[in-house]
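Heads up, structure35.csv below (CSV, C-alpha atoms):
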```
chain,number,residue,atom,x,y,z
A,1,MET,CA,-19.2,9.9,-13.0
A,2,GLY,CA,-21.8,7.3,-14.0
A,3,GLY,CA,-19.5,4.2,-14.1
A,4,ARG,CA,-17.5,2.1,-11.8
A,5,PRO,CA,-14.3,3.7,-10.5
A,6,VAL,CA,-11.2,2.5,-12.1
A,7,ILE,CA,-8.6,1.5,-9.5
A,8,GLY,CA,-4.9,0.9,-10.5
A,9,VAL,CA,-3.1,-1.8,-8.6
A,10,THR,CA,0.7,-2.0,-8.7
A,11,CYS,CA,2.4,-5.4,-9.3
A,12,TYR,CA,5.6,-7.3,-10.1
A,13,VAL,CA,7.2,-8.4,-13.3
A,14,GLU,CA,8.5,-11.9,-12.6
A,15,GLU,CA,9.7,-15.0,-14.5
A,16,VAL,CA,6.8,-17.5,-14.2
A,17,ASP,CA,6.7,-21.1,-15.2
A,18,ARG,CA,3.4,-22.0,-16.8
A,19,ALA,CA,3.5,-25.3,-18.7
A,20,PRO,CA,4.8,-25.6,-21.3
A,21,TRP,CA,6.4,-22.1,-20.9
A,22,VAL,CA,9.4,-21.7,-18.6
A,23,ALA,CA,10.6,-18.5,-17.1
A,24,GLN,CA,8.2,-16.4,-19.1
A,25,ARG,CA,8.3,-12.7,-18.1
A,26,SER,CA,4.9,-11.9,-16.7
A,27,ALA,CA,3.0,-9.2,-14.8
A,28,VAL,CA,2.2,-10.8,-11.5
A,29,LEU,CA,-0.3,-9.9,-8.8
A,30,PRO,CA,-2.1,-12.0,-6.2
A,31,TYR,CA,-5.7,-12.2,-7.6
A,32,ARG,CA,-7.1,-11.3,-4.2
A,33,TYR,CA,-6.4,-7.6,-4.9
A,34,VAL,CA,-8.5,-7.7,-8.0
A,35,GLN,CA,-11.3,-9.6,-6.2
A,36,GLN,CA,-11.4,-7.1,-3.4
A,37,VAL,CA,-11.5,-4.1,-5.8
A,38,GLU,CA,-14.3,-5.8,-7.7
A,39,ALA,CA,-16.2,-6.7,-4.6
A,40,ALA,CA,-16.1,-3.1,-3.5
A,41,GLY,CA,-17.6,-2.0,-6.8
A,42,GLY,CA,-14.5,-0.9,-8.7
A,43,VAL,CA,-12.7,-2.0,-11.8
A,44,ALA,CA,-9.1,-3.2,-11.3
A,45,VAL,CA,-6.3,-2.3,-13.7
A,46,VAL,CA,-2.9,-3.8,-13.1
A,47,LEU,CA,0.0,-1.5,-13.4
A,48,PRO,CA,3.3,-3.3,-14.2
A,49,PRO,CA,6.5,-1.4,-13.1
A,50,ARG,CA,8.7,0.6,-15.4
A,51,ALA,CA,12.2,1.5,-14.3
A,52,ASP,CA,12.2,4.4,-16.8
A,53,VAL,CA,9.3,6.1,-15.1
A,54,ASP,CA,9.4,9.9,-14.6
A,55,ALA,CA,7.0,12.4,-13.1
A,56,GLY,CA,5.3,13.1,-16.4
A,57,MET,CA,4.7,9.4,-17.1
A,58,ALA,CA,3.3,8.9,-13.5
A,59,ARG,CA,0.9,11.9,-13.9
A,60,SER,CA,-0.3,10.6,-17.3
A,61,VAL,CA,-1.1,7.1,-15.8
A,62,LEU,CA,-2.9,8.5,-12.8
A,63,ALA,CA,-4.9,10.9,-15.0
A,64,ARG,CA,-6.7,7.8,-16.3
A,65,LEU,CA,-7.5,6.4,-12.9
A,66,ASP,CA,-9.9,7.2,-10.1
A,67,GLY,CA,-7.8,5.5,-7.3
A,68,LEU,CA,-4.6,3.6,-6.6
A,69,VAL,CA,-3.6,0.6,-4.6
A,70,VAL,CA,0.1,0.3,-3.8
A,71,ALA,CA,0.4,-3.5,-3.3
A,72,GLY,CA,2.5,-5.6,-1.0
A,73,GLY,CA,5.7,-7.3,-1.9
A,74,ALA,CA,9.5,-7.3,-1.4
A,75,ASP,CA,11.4,-4.9,0.9
A,76,VAL,CA,12.0,-1.3,-0.2
A,77,GLN,CA,15.7,-0.6,-1.0
A,78,ALA,CA,17.3,0.6,2.2
A,79,GLY,CA,19.4,3.1,0.3
A,80,LEU,CA,16.3,5.1,-0.5
A,81,TYR,CA,16.1,6.2,3.1
A,82,GLY,CA,19.8,6.4,3.7
A,83,ALA,CA,20.4,3.0,5.4
A,84,THR,CA,22.4,-0.1,4.7
A,85,ALA,CA,20.4,-3.2,4.0
A,86,HIS,CA,19.8,-5.5,7.0
A,87,PRO,CA,21.1,-9.1,6.5
A,88,THR,CA,17.4,-10.3,6.3
A,89,SER,CA,16.5,-7.9,3.6
A,90,GLN,CA,15.1,-9.3,0.4
A,91,ALA,CA,16.6,-8.8,-3.0
A,92,ALA,CA,16.1,-5.2,-4.3
A,93,ARG,CA,13.3,-4.5,-6.8
A,94,PRO,CA,14.5,-1.2,-8.2
A,95,ASP,CA,11.8,-1.2,-11.0
A,96,ARG,CA,9.0,-1.4,-8.4
A,97,ASP,CA,10.7,1.1,-6.1
A,98,ALA,CA,11.0,3.7,-8.9
A,99,TRP,CA,7.6,3.1,-10.4
A,100,GLU,CA,5.6,3.1,-7.1
A,101,THR,CA,7.5,6.1,-5.7
A,102,ALA,CA,6.7,8.1,-8.8
A,103,LEU,CA,3.0,7.0,-8.7
A,104,VAL,CA,2.7,7.9,-5.0
A,105,LEU,CA,4.2,11.3,-5.5
A,106,ALA,CA,2.0,12.0,-8.5
A,107,ALA,CA,-1.0,10.8,-6.5
A,108,GLU,CA,-0.2,13.1,-3.7
A,109,GLU,CA,0.1,16.0,-6.1
A,110,ALA,CA,-3.3,15.2,-7.7
A,111,ASP,CA,-4.9,14.3,-4.3
A,112,LEU,CA,-5.9,10.9,-5.9
A,113,PRO,CA,-7.4,8.4,-3.4
A,114,VAL,CA,-4.7,5.9,-2.4
A,115,LEU,CA,-4.6,2.7,-0.3
A,116,GLY,CA,-1.2,1.3,0.6
A,117,ILE,CA,-0.8,-2.3,1.7
A,118,CYS,CA,2.2,-3.7,3.5
A,119,ARG,CA,5.1,-2.8,1.2
A,120,GLY,CA,2.8,-0.1,-0.1
A,121,MET,CA,2.7,1.5,3.3
A,122,GLN,CA,6.5,1.4,3.4
A,123,VAL,CA,6.9,2.9,-0.1
A,124,MET,CA,4.5,5.7,0.8
A,125,ALA,CA,6.3,6.5,4.0
A,126,VAL,CA,9.8,6.5,2.4
A,127,ALA,CA,8.5,8.7,-0.5
A,128,ALA,CA,7.4,11.2,2.2
A,129,GLY,CA,10.9,11.2,3.8
A,130,ALA,CA,10.3,8.6,6.6
A,131,ARG,CA,12.5,5.6,7.4
A,132,LEU,CA,11.9,1.9,8.0
A,133,GLU,CA,12.6,-0.5,10.8
A,134,GLN,CA,14.3,-3.2,8.8
A,135,HIS,CA,13.7,-6.3,11.0
A,136,VAL,CA,10.9,-5.9,13.6
A,137,PRO,CA,11.9,-9.1,15.5
A,138,ASP,CA,15.2,-7.5,16.5
A,139,ARG,CA,13.1,-5.0,18.6
A,140,VAL,CA,10.1,-7.0,19.7
A,141,GLY,CA,11.8,-10.4,20.3
A,142,HIS,CA,9.1,-12.5,18.5
A,143,GLU,CA,8.1,-13.5,15.0
A,144,GLY,CA,4.4,-12.8,15.5
A,145,HIS,CA,4.2,-10.4,12.5
A,146,SER,CA,5.4,-13.2,10.1
A,147,PRO,CA,5.8,-16.5,11.9
A,148,SER,CA,5.8,-18.9,9.0
A,149,PRO,CA,7.3,-18.5,5.5
A,150,GLY,CA,4.7,-18.2,2.8
A,151,VAL,CA,1.8,-18.3,5.3
A,152,TYR,CA,-0.4,-15.3,6.5
A,153,SER,CA,-0.8,-15.2,10.2
A,154,SER,CA,-3.3,-13.1,12.3
A,155,HIS,CA,-2.9,-10.6,15.1
A,156,HIS,CA,-4.7,-7.7,16.8
A,157,VAL,CA,-4.3,-4.1,15.8
A,158,GLU,CA,-5.7,-1.1,17.7
A,159,PRO,CA,-7.0,1.8,15.5
A,160,VAL,CA,-6.3,5.3,16.8
A,161,ALA,CA,-9.5,6.7,18.2
A,162,GLY,CA,-11.1,9.3,15.9
A,163,SER,CA,-8.9,8.3,12.9
A,164,LEU,CA,-10.2,7.7,9.4
A,165,LEU,CA,-9.2,4.1,9.8
A,166,ALA,CA,-11.3,3.7,12.9
A,167,GLY,CA,-14.2,5.0,11.0
A,168,VAL,CA,-13.7,2.4,8.3
A,169,VAL,CA,-13.0,-0.7,10.3
A,170,GLY,CA,-14.7,0.3,13.5
A,171,PRO,CA,-13.4,1.2,17.0
A,172,GLY,CA,-11.5,-1.2,19.2
A,173,ALA,CA,-9.0,-4.0,18.3
A,174,VAL,CA,-9.5,-5.9,15.1
A,175,ASP,CA,-7.9,-9.1,13.8
A,176,VAL,CA,-5.8,-8.6,10.6
A,177,PRO,CA,-3.9,-10.9,8.2
A,178,THR,CA,-0.2,-10.2,8.7
A,179,TYR,CA,3.0,-11.1,6.9
A,180,HIS,CA,5.9,-8.6,7.3
A,181,HIS,CA,9.3,-8.2,9.0
A,182,GLN,CA,9.8,-4.5,8.3
A,183,ALA,CA,7.7,-1.5,9.5
A,184,VAL,CA,7.7,2.2,9.4
A,185,GLU,CA,9.6,4.0,12.1
A,186,PRO,CA,6.9,6.1,13.8
A,187,SER,CA,9.2,8.9,14.9
A,188,THR,CA,10.3,9.6,11.3
A,189,LEU,CA,6.7,10.5,10.3
A,190,ALA,CA,7.0,13.9,11.9
A,191,GLY,CA,6.7,16.6,9.3
A,192,THR,CA,5.6,14.2,6.5
A,193,GLY,CA,1.9,14.9,6.7
A,194,TRP,CA,1.3,11.3,7.8
A,195,GLN,CA,-0.2,10.4,11.2
A,196,PRO,CA,-0.3,7.0,13.0
A,197,ALA,CA,-3.6,5.3,12.5
A,198,ALA,CA,-3.2,1.9,14.2
A,199,TRP,CA,-0.7,0.1,16.5
A,200,HIS,CA,0.2,-3.4,17.5
A,201,GLU,CA,0.5,-4.0,21.2
A,202,ASP,CA,4.3,-4.4,20.8
A,203,GLY,CA,4.6,-0.8,19.6
A,204,THR,CA,4.8,-1.6,15.9
A,205,LEU,CA,3.0,1.0,13.7
A,206,GLU,CA,0.3,-0.9,11.8
A,207,ALA,CA,-1.4,1.9,9.8
A,208,MET,CA,-0.9,5.6,8.9
A,209,GLU,CA,-3.1,8.2,7.2
A,210,CYS,CA,-2.9,11.7,5.8
A,211,PRO,CA,-5.7,13.9,7.3
A,212,ALA,CA,-5.1,16.7,4.7
A,213,ALA,CA,-5.9,14.3,1.8
A,214,ARG,CA,-9.3,13.2,0.4
A,215,PHE,CA,-8.3,9.6,1.1
A,216,ARG,CA,-4.7,8.6,1.7
A,217,LEU,CA,-4.5,5.6,4.0
A,218,ALA,CA,-1.9,2.8,4.4
A,219,VAL,CA,-1.9,-0.4,6.4
A,220,GLN,CA,0.9,-2.7,7.3
A,221,TRP,CA,-1.3,-5.8,7.2
A,222,HIS,CA,-2.5,-7.6,4.1
A,223,ALA,CA,-6.0,-6.2,3.7
A,224,GLU,CA,-6.5,-8.0,0.5
A,225,GLU,CA,-6.5,-11.3,2.5
A,226,ALA,CA,-9.2,-10.1,4.9
A,227,GLU,CA,-12.7,-11.7,4.7
A,228,GLY,CA,-14.4,-8.3,4.4
A,229,ALA,CA,-13.6,-5.5,1.9
A,230,ALA,CA,-14.1,-2.5,4.2
A,231,LEU,CA,-10.8,-0.8,3.3
A,232,PHE,CA,-11.3,-1.4,-0.4
A,233,GLU,CA,-14.9,-0.2,-0.1
A,234,ALA,CA,-13.7,3.0,1.5
A,235,LEU,CA,-11.2,3.5,-1.3
A,236,VAL,CA,-13.7,2.9,-4.1
A,237,GLN,CA,-16.2,5.2,-2.5
A,238,ALA,CA,-13.6,7.9,-2.1
A,239,ALA,CA,-12.5,7.4,-5.7
A,240,SER,CA,-16.1,7.7,-6.9
A,241,GLN,CA,-16.7,10.9,-4.9
A,242,ALA,CA,-13.4,12.4,-6.1
A,243,ALA,CA,-14.2,11.6,-9.7
A,244,ASP,CA,-17.6,13.1,-9.5
A,245,SER,CA,-16.2,16.2,-7.8
A,246,ASP,CA,-13.4,16.6,-10.4
A,247,ALA,CA,-15.9,16.1,-13.2
A,248,GLY,CA,-17.9,19.1,-11.9
A,249,GLU,CA,-14.9,21.4,-11.8
A,250,PRO,CA,-14.6,24.0,-14.6
A,251,HIS,CA,-11.8,23.4,-17.1
```
So, in terms of structure tokens, how does the structure I just supplied come out?
Amino acid sequence: MGGRPVIGVTCYVEEVDRAPWVAQRSAVLPYRYVQQVEAAGGVAVVLPPRADVDAGMARSVLARLDGLVVAGGADVQAGLYGATAHPTSQAARPDRDAWETALVLAAEEADLPVLGICRGMQVMAVAAGARLEQHVPDRVGHEGHSPSPGVYSSHHVEPVAGSLLAGVVGPGAVDVPTYHHQAVEPSTLAGTGWQPAAWHEDGTLEAMECPAARFRLAVQWHAEEAEGAALFEALVQAASQAADSDAGEPH
């Protein structure tokens, strides 16, 4: 390939106050995502959502990328997996839901390396036909996954032995930055191609991966807030290898 892998990162479009401008529509992404991609040796390209996305547009976007990060954010619309929204659900973001779902499906079709983070894991699961647990504290009886509004907490996760994730972050329990109140229902992954890759001790699914893919991994925690860049390094390495492989194929 010869150059740095280009990694697309999904984001919001929000009204932002930036003196003297008020409520200016802006593409918004925590800069830590960009920093992690760059630290891992990639080039980050921000992908603002389009509600008018279709499969052709998604394929066209991904054809220009070497890898994709589906970033964290607001809750996925419950209707997308046949449920009624929980009282704690955040306001729907149909533009992100449509955009990211189309990108995820096109990435699967192209076998493009993908890393999902928090909401990103949930989008990827729902796109595959799985369902979400809408308020984890209802089951576990504690707020350990998101104890304080606007503050990342930390807890242990246990990677599944022999998983791709365990090979990336190492065997045994690891501390991860956390901020979520929803999670993927593990039982609904059956038949989707996804497999559990890490658990919290309270039974919450904390990561999943697709063994049939070149690199398709998703974590429920906020890997962009971690001190190390292991997951981003793995994504960038997979993106570089995939680009080199694809470049060598006959056309």
For the point (17.6, 2.6, 0.7) in file coordinates, what residues are within 12 Å, counting all atoms listed in the file? Give the answer as JSON, numbers by chain?
{"A": [75, 76, 77, 78, 79, 80, 81, 82, 83, 84, 85, 86, 89, 92, 93, 94, 97, 98, 122, 123, 126, 127, 129, 130, 131, 132, 133, 134]}
Taking all atoms listed in the file into account, which of A:Ala197, A:Val136, A:Leu62, A:Ile7 comes nearest A:Glu209?
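Nearest to A:Glu209: A:Ala197.
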Box in all listed atoms of stretch 162-170 of chain A, axis-aligned, with 4 Å more on each side; write out centre and edge lengths in Å to one decimal as JSON.
```
{"center_x": -11.8, "center_y": 4.3, "center_z": 12.1, "size_x": 13.8, "size_y": 18.0, "size_z": 15.6}
```
For A:Val28, the closest of A:Val53, A:Val13, A:Ala71, A:Met208 counting only C-alpha atoms is A:Val13
Just the residues within 9 Å of stretch 220-223 of chain A, please, counting all atoms listed in the file, with nothing from its chain fewer than 5 positions along; format it as a list of chain:residue names.
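Neighbouring residues, sequence-local ones excluded: A:Tyr33, A:Gln36, A:Ala71, A:Gly72, A:Gly116, A:Ile117, A:Cys118, A:Arg119, A:Gly120, A:Met121, A:Gln122, A:His145, A:Tyr152, A:Val176, A:Pro177, A:Thr178, A:Tyr179, A:His180, A:Ala183, A:Val184, A:Leu205, A:Glu206, A:Ala207, A:Met208, A:Gly228, A:Ala229, A:Ala230, A:Leu231, A:Phe232.
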Test item: residues at most 8 Å from A:Gly41, all atoms listed in the file, excluding those fewer than 5 positions along its chain, as a count of residues only:
4
What is the distance, in Å and to one decimal place, between atom CA of A:Asp17 and atom CA of A:Pro30?
15.5 Å
Nearest candidate to A:Ala238 (options A:Trp194, A:Tyr12, A:Trp99, A:Phe215; using all atoms listed in the file):
A:Phe215
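The coordinates place atom CA of A:Glu38 at 14.9 Å from atom CA of A:Leu115.
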Can you work out which one of A:Ala74, A:Ala58, A:Val151, A:Leu112 has the shortest atom-to-atom distance to A:Ala239, counting all atoms listed in the file?
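Using all atoms listed in the file, the shortest distance to A:Ala239 belongs to A:Leu112.
Going from atom CA of A:Glu225 over to atom CA of A:Glu201, you cover 21.3 Å.
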10 Å contact set for A:Val45, only C-alpha atoms, chain neighbours under 4 positions out, as a ChimeraX atom specification:
/A:6-10,34,37,65,68-69
